[in-house]
Amino acid sequence: QVQLVESGGGLVQPGGSLRLSCAASGFTFSKYAMSWYRQAPGKERELAAGISSAGSSTNYADSMKGRFTISRDNAKNTVYLQMTSLKPEDTAVYYCSVQTTFMRHWGQGTQVTVSS
């Protein structure tokens with residue numbers, strides 16, 4: 001079955017950086033676009049970034065453009081989210097996600113807290 005396991009979250013000071021990783025299994029990773037979503041306390045889950053199956057195309061939410069970079073390594077079945085210039089409003093649970101033929105799958109999420 002599809003499994004998505006995020007890692008790399010933690011506590012970071014404003015202006016700092018973190019790199020999130022998502023290890024995928026149970027499907028042909030290289031054939032599917034991947035996404036990172038996030039959900040802040042009291043808010044709806046929102047798309048943070050997406051990347052095409054080959055990694056040639058990416059898209060970002062406006063608030064993350066220029067600060068976040070999504071990438072993938074199809075040989076390792078892993079997608080990454082490099083986050084820089086982090087702000088307190090980036091505090092959220094970050095989820096890795098894939099839309100396969102029949103449904104959207106989610107990881108368990110990793111907490112990112114930006115605070116001094």
# chains A, B, ... in the order shown; residues from 1 in each chain; ligands from 1
$ residues_around --residues "A:Val114" --least-positions-apart "5" --cutoff "7 Å" --atoms "only C-alpha atoms" --output "PyMOL selection string"
chain A and resi 11-14+86-88+90-91
$ write_last_selection --atoms "all heavy atoms" --output "PDB file, in the first residue's frame"
ATOM      1  N   LEU A  11      12.008  22.671  15.613  1.00  0.00           N
ATOM      2  CA  LEU A  11      11.930  24.055  16.063  1.00  0.00           C
ATOM      3  C   LEU A  11      13.077  24.846  15.451  1.00  0.00           C
ATOM      4  O   LEU A  11      14.240  24.412  15.531  1.00  0.00           O
ATOM      5  CB  LEU A  11      12.008  24.104  17.591  1.00  0.00           C
ATOM      6  CG  LEU A  11      12.092  25.489  18.239  1.00  0.00           C
ATOM      7  CD1 LEU A  11      10.815  26.286  17.962  1.00  0.00           C
ATOM      8  CD2 LEU A  11      12.328  25.351  19.737  1.00  0.00           C
ATOM      9  N   VAL A  12      12.762  25.970  14.851  1.00  0.00           N
ATOM     10  CA  VAL A  12      13.782  26.796  14.221  1.00  0.00           C
ATOM     11  C   VAL A  12      13.471  28.263  14.498  1.00  0.00           C
ATOM     12  O   VAL A  12      12.299  28.650  14.651  1.00  0.00           O
ATOM     13  CB  VAL A  12      13.843  26.513  12.701  1.00  0.00           C
ATOM     14  CG1 VAL A  12      12.526  26.857  12.013  1.00  0.00           C
ATOM     15  CG2 VAL A  12      15.013  27.209  12.038  1.00  0.00           C
ATOM     16  N   GLN A  13      14.501  29.077  14.591  1.00  0.00           N
ATOM     17  CA  GLN A  13      14.312  30.502  14.827  1.00  0.00           C
ATOM     18  C   GLN A  13      13.892  31.204  13.542  1.00  0.00           C
ATOM     19  O   GLN A  13      14.205  30.729  12.435  1.00  0.00           O
ATOM     20  CB  GLN A  13      15.606  31.120  15.350  1.00  0.00           C
ATOM     21  CG  GLN A  13      15.988  30.652  16.747  1.00  0.00           C
ATOM     22  CD  GLN A  13      17.169  31.415  17.302  1.00  0.00           C
ATOM     23  OE1 GLN A  13      17.907  32.062  16.564  1.00  0.00           O
ATOM     24  NE2 GLN A  13      17.348  31.353  18.602  1.00  0.00           N
ATOM     25  N   PRO A  14      13.195  32.321  13.663  1.00  0.00           N
ATOM     26  CA  PRO A  14      12.854  33.108  12.469  1.00  0.00           C
ATOM     27  C   PRO A  14      14.113  33.420  11.660  1.00  0.00           C
ATOM     28  O   PRO A  14      15.156  33.762  12.211  1.00  0.00           O
ATOM     29  CB  PRO A  14      12.236  34.372  13.057  1.00  0.00           C
ATOM     30  CG  PRO A  14      11.647  33.925  14.360  1.00  0.00           C
ATOM     31  CD  PRO A  14      12.608  32.900  14.890  1.00  0.00           C
ATOM     32  N   LEU A  86      12.600  31.337   7.155  1.00  0.00           N
ATOM     33  CA  LEU A  86      11.354  30.922   7.793  1.00  0.00           C
ATOM     34  C   LEU A  86      10.796  32.017   8.694  1.00  0.00           C
ATOM     35  O   LEU A  86      11.546  32.771   9.336  1.00  0.00           O
ATOM     36  CB  LEU A  86      11.572  29.631   8.581  1.00  0.00           C
ATOM     37  CG  LEU A  86      11.641  28.379   7.703  1.00  0.00           C
ATOM     38  CD1 LEU A  86      12.280  27.220   8.447  1.00  0.00           C
ATOM     39  CD2 LEU A  86      10.249  27.996   7.223  1.00  0.00           C
ATOM     40  N   LYS A  87       9.468  32.077   8.711  1.00  0.00           N
ATOM     41  CA  LYS A  87       8.754  33.080   9.482  1.00  0.00           C
ATOM     42  C   LYS A  87       7.844  32.384  10.496  1.00  0.00           C
ATOM     43  O   LYS A  87       7.444  31.227  10.286  1.00  0.00           O
ATOM     44  CB  LYS A  87       7.888  33.926   8.543  1.00  0.00           C
ATOM     45  CG  LYS A  87       8.629  34.544   7.388  1.00  0.00           C
ATOM     46  CD  LYS A  87       7.660  35.229   6.426  1.00  0.00           C
ATOM     47  CE  LYS A  87       8.392  35.807   5.228  1.00  0.00           C
ATOM     48  NZ  LYS A  87       7.440  36.474   4.288  1.00  0.00           N
ATOM     49  N   PRO A  88       7.456  33.078  11.558  1.00  0.00           N
ATOM     50  CA  PRO A  88       6.542  32.447  12.520  1.00  0.00           C
ATOM     51  C   PRO A  88       5.261  31.937  11.863  1.00  0.00           C
ATOM     52  O   PRO A  88       4.718  30.900  12.288  1.00  0.00           O
ATOM     53  CB  PRO A  88       6.262  33.587  13.507  1.00  0.00           C
ATOM     54  CG  PRO A  88       7.509  34.409  13.473  1.00  0.00           C
ATOM     55  CD  PRO A  88       7.956  34.376  12.039  1.00  0.00           C
ATOM     56  N   ASP A  90       4.986  30.441   9.208  1.00  0.00           N
ATOM     57  CA  ASP A  90       5.224  29.146   8.545  1.00  0.00           C
ATOM     58  C   ASP A  90       5.015  27.978   9.507  1.00  0.00           C
ATOM     59  O   ASP A  90       5.080  26.812   9.087  1.00  0.00           O
ATOM     60  CB  ASP A  90       6.648  29.082   7.991  1.00  0.00           C
ATOM     61  CG  ASP A  90       6.880  30.061   6.854  1.00  0.00           C
ATOM     62  OD1 ASP A  90       5.998  30.178   5.978  1.00  0.00           O
ATOM     63  OD2 ASP A  90       7.948  30.706   6.850  1.00  0.00           O
ATOM     64  N   THR A  91       4.780  28.285  10.774  1.00  0.00           N
ATOM     65  CA  THR A  91       4.521  27.233  11.753  1.00  0.00           C
ATOM     66  C   THR A  91       3.288  26.431  11.354  1.00  0.00           C
ATOM     67  O   THR A  91       2.204  26.995  11.154  1.00  0.00           O
ATOM     68  CB  THR A  91       4.320  27.839  13.154  1.00  0.00           C
ATOM     69  OG1 THR A  91       5.548  28.449  13.572  1.00  0.00           O
ATOM     70  CG2 THR A  91       3.913  26.771  14.160  1.00  0.00           C
TER      71      THR A  91
END
$ residues_around --residues "A:Glu46" --least-positions-apart "6" --cutoff "10 Å" --atoms "only C-alpha atoms" --output "NGL selection string"
:A and (36-40 or 61 or 94-95)
$ write_last_selection --atoms "N, CA, C and O atoms" --output "mmCIF file, in the first residue's frame"
data_model
loop_
_atom_site.group_PDB
_atom_site.id
_atom_site.type_symbol
_atom_site.label_atom_id
_atom_site.label_comp_id
_atom_site.auth_asym_id
_atom_site.auth_seq_id
_atom_site.Cartn_x
_atom_site.Cartn_y
_atom_site.Cartn_z
ATOM 1 N N TRP A 36 3.661 18.998 -1.368
ATOM 2 C CA TRP A 36 3.725 19.289 0.066
ATOM 3 C C TRP A 36 2.553 20.216 0.396
ATOM 4 O O TRP A 36 2.317 21.209 -0.294
ATOM 5 N N TYR A 37 1.839 19.878 1.446
ATOM 6 C CA TYR A 37 0.786 20.711 1.991
ATOM 7 C C TYR A 37 1.183 21.090 3.415
ATOM 8 O O TYR A 37 2.064 20.459 4.019
ATOM 9 N N ARG A 38 0.493 22.078 3.940
ATOM 10 C CA ARG A 38 0.696 22.401 5.342
ATOM 11 C C ARG A 38 -0.619 22.822 5.978
ATOM 12 O O ARG A 38 -1.526 23.294 5.296
ATOM 13 N N GLN A 39 -0.687 22.633 7.282
ATOM 14 C CA GLN A 39 -1.880 23.020 8.026
ATOM 15 C C GLN A 39 -1.456 23.679 9.336
ATOM 16 O O GLN A 39 -0.845 23.035 10.196
ATOM 17 N N ALA A 40 -1.767 24.953 9.432
ATOM 18 C CA ALA A 40 -1.474 25.709 10.646
ATOM 19 C C ALA A 40 -2.620 25.546 11.629
ATOM 20 O O ALA A 40 -3.748 25.236 11.232
ATOM 21 N N ALA A 61 2.833 28.014 -3.580
ATOM 22 C CA ALA A 61 1.910 29.020 -3.090
ATOM 23 C C ALA A 61 2.628 30.363 -3.071
ATOM 24 O O ALA A 61 3.847 30.421 -2.875
ATOM 25 N N TYR A 94 3.440 19.883 8.273
ATOM 26 C CA TYR A 94 3.690 19.758 6.842
ATOM 27 C C TYR A 94 3.470 18.308 6.420
ATOM 28 O O TYR A 94 3.999 17.382 7.047
ATOM 29 N N TYR A 95 2.689 18.151 5.352
ATOM 30 C CA TYR A 95 2.312 16.826 4.872
ATOM 31 C C TYR A 95 2.798 16.610 3.448
ATOM 32 O O TYR A 95 2.658 17.476 2.584
#
$ closest_residue --among "A:Ser25, A:Gln108, A:Ser63, A:Asn77" --to "A:Gln1" --atoms "only C-alpha atoms"
A:Ser25
$ select_by_dssp --residues "chain A" --states "strand (DSSP E or B)" --output "MDAnalysis selection string"
chainID A and resid 3:7 10:12 18:25 34:39 46:51 58:60 68:73 78:83 92:99 104:106 110:114
$ closest_residue --among "A:Asp62, A:Asp73, A:Glu44, A:Glu89" --to "A:Ala23" --atoms "only C-alpha atoms"
A:Asp73
$ residues_around --residues "A:Gly55" --least-positions-apart "2" --cutoff "9 Å" --atoms "only C-alpha atoms" --output "list in words"
Ala33, Ile51, Ser52, Ser53, Ser57, Thr58, Ile70, Ser71, Arg72, Asp73 and Asn74 of chain A
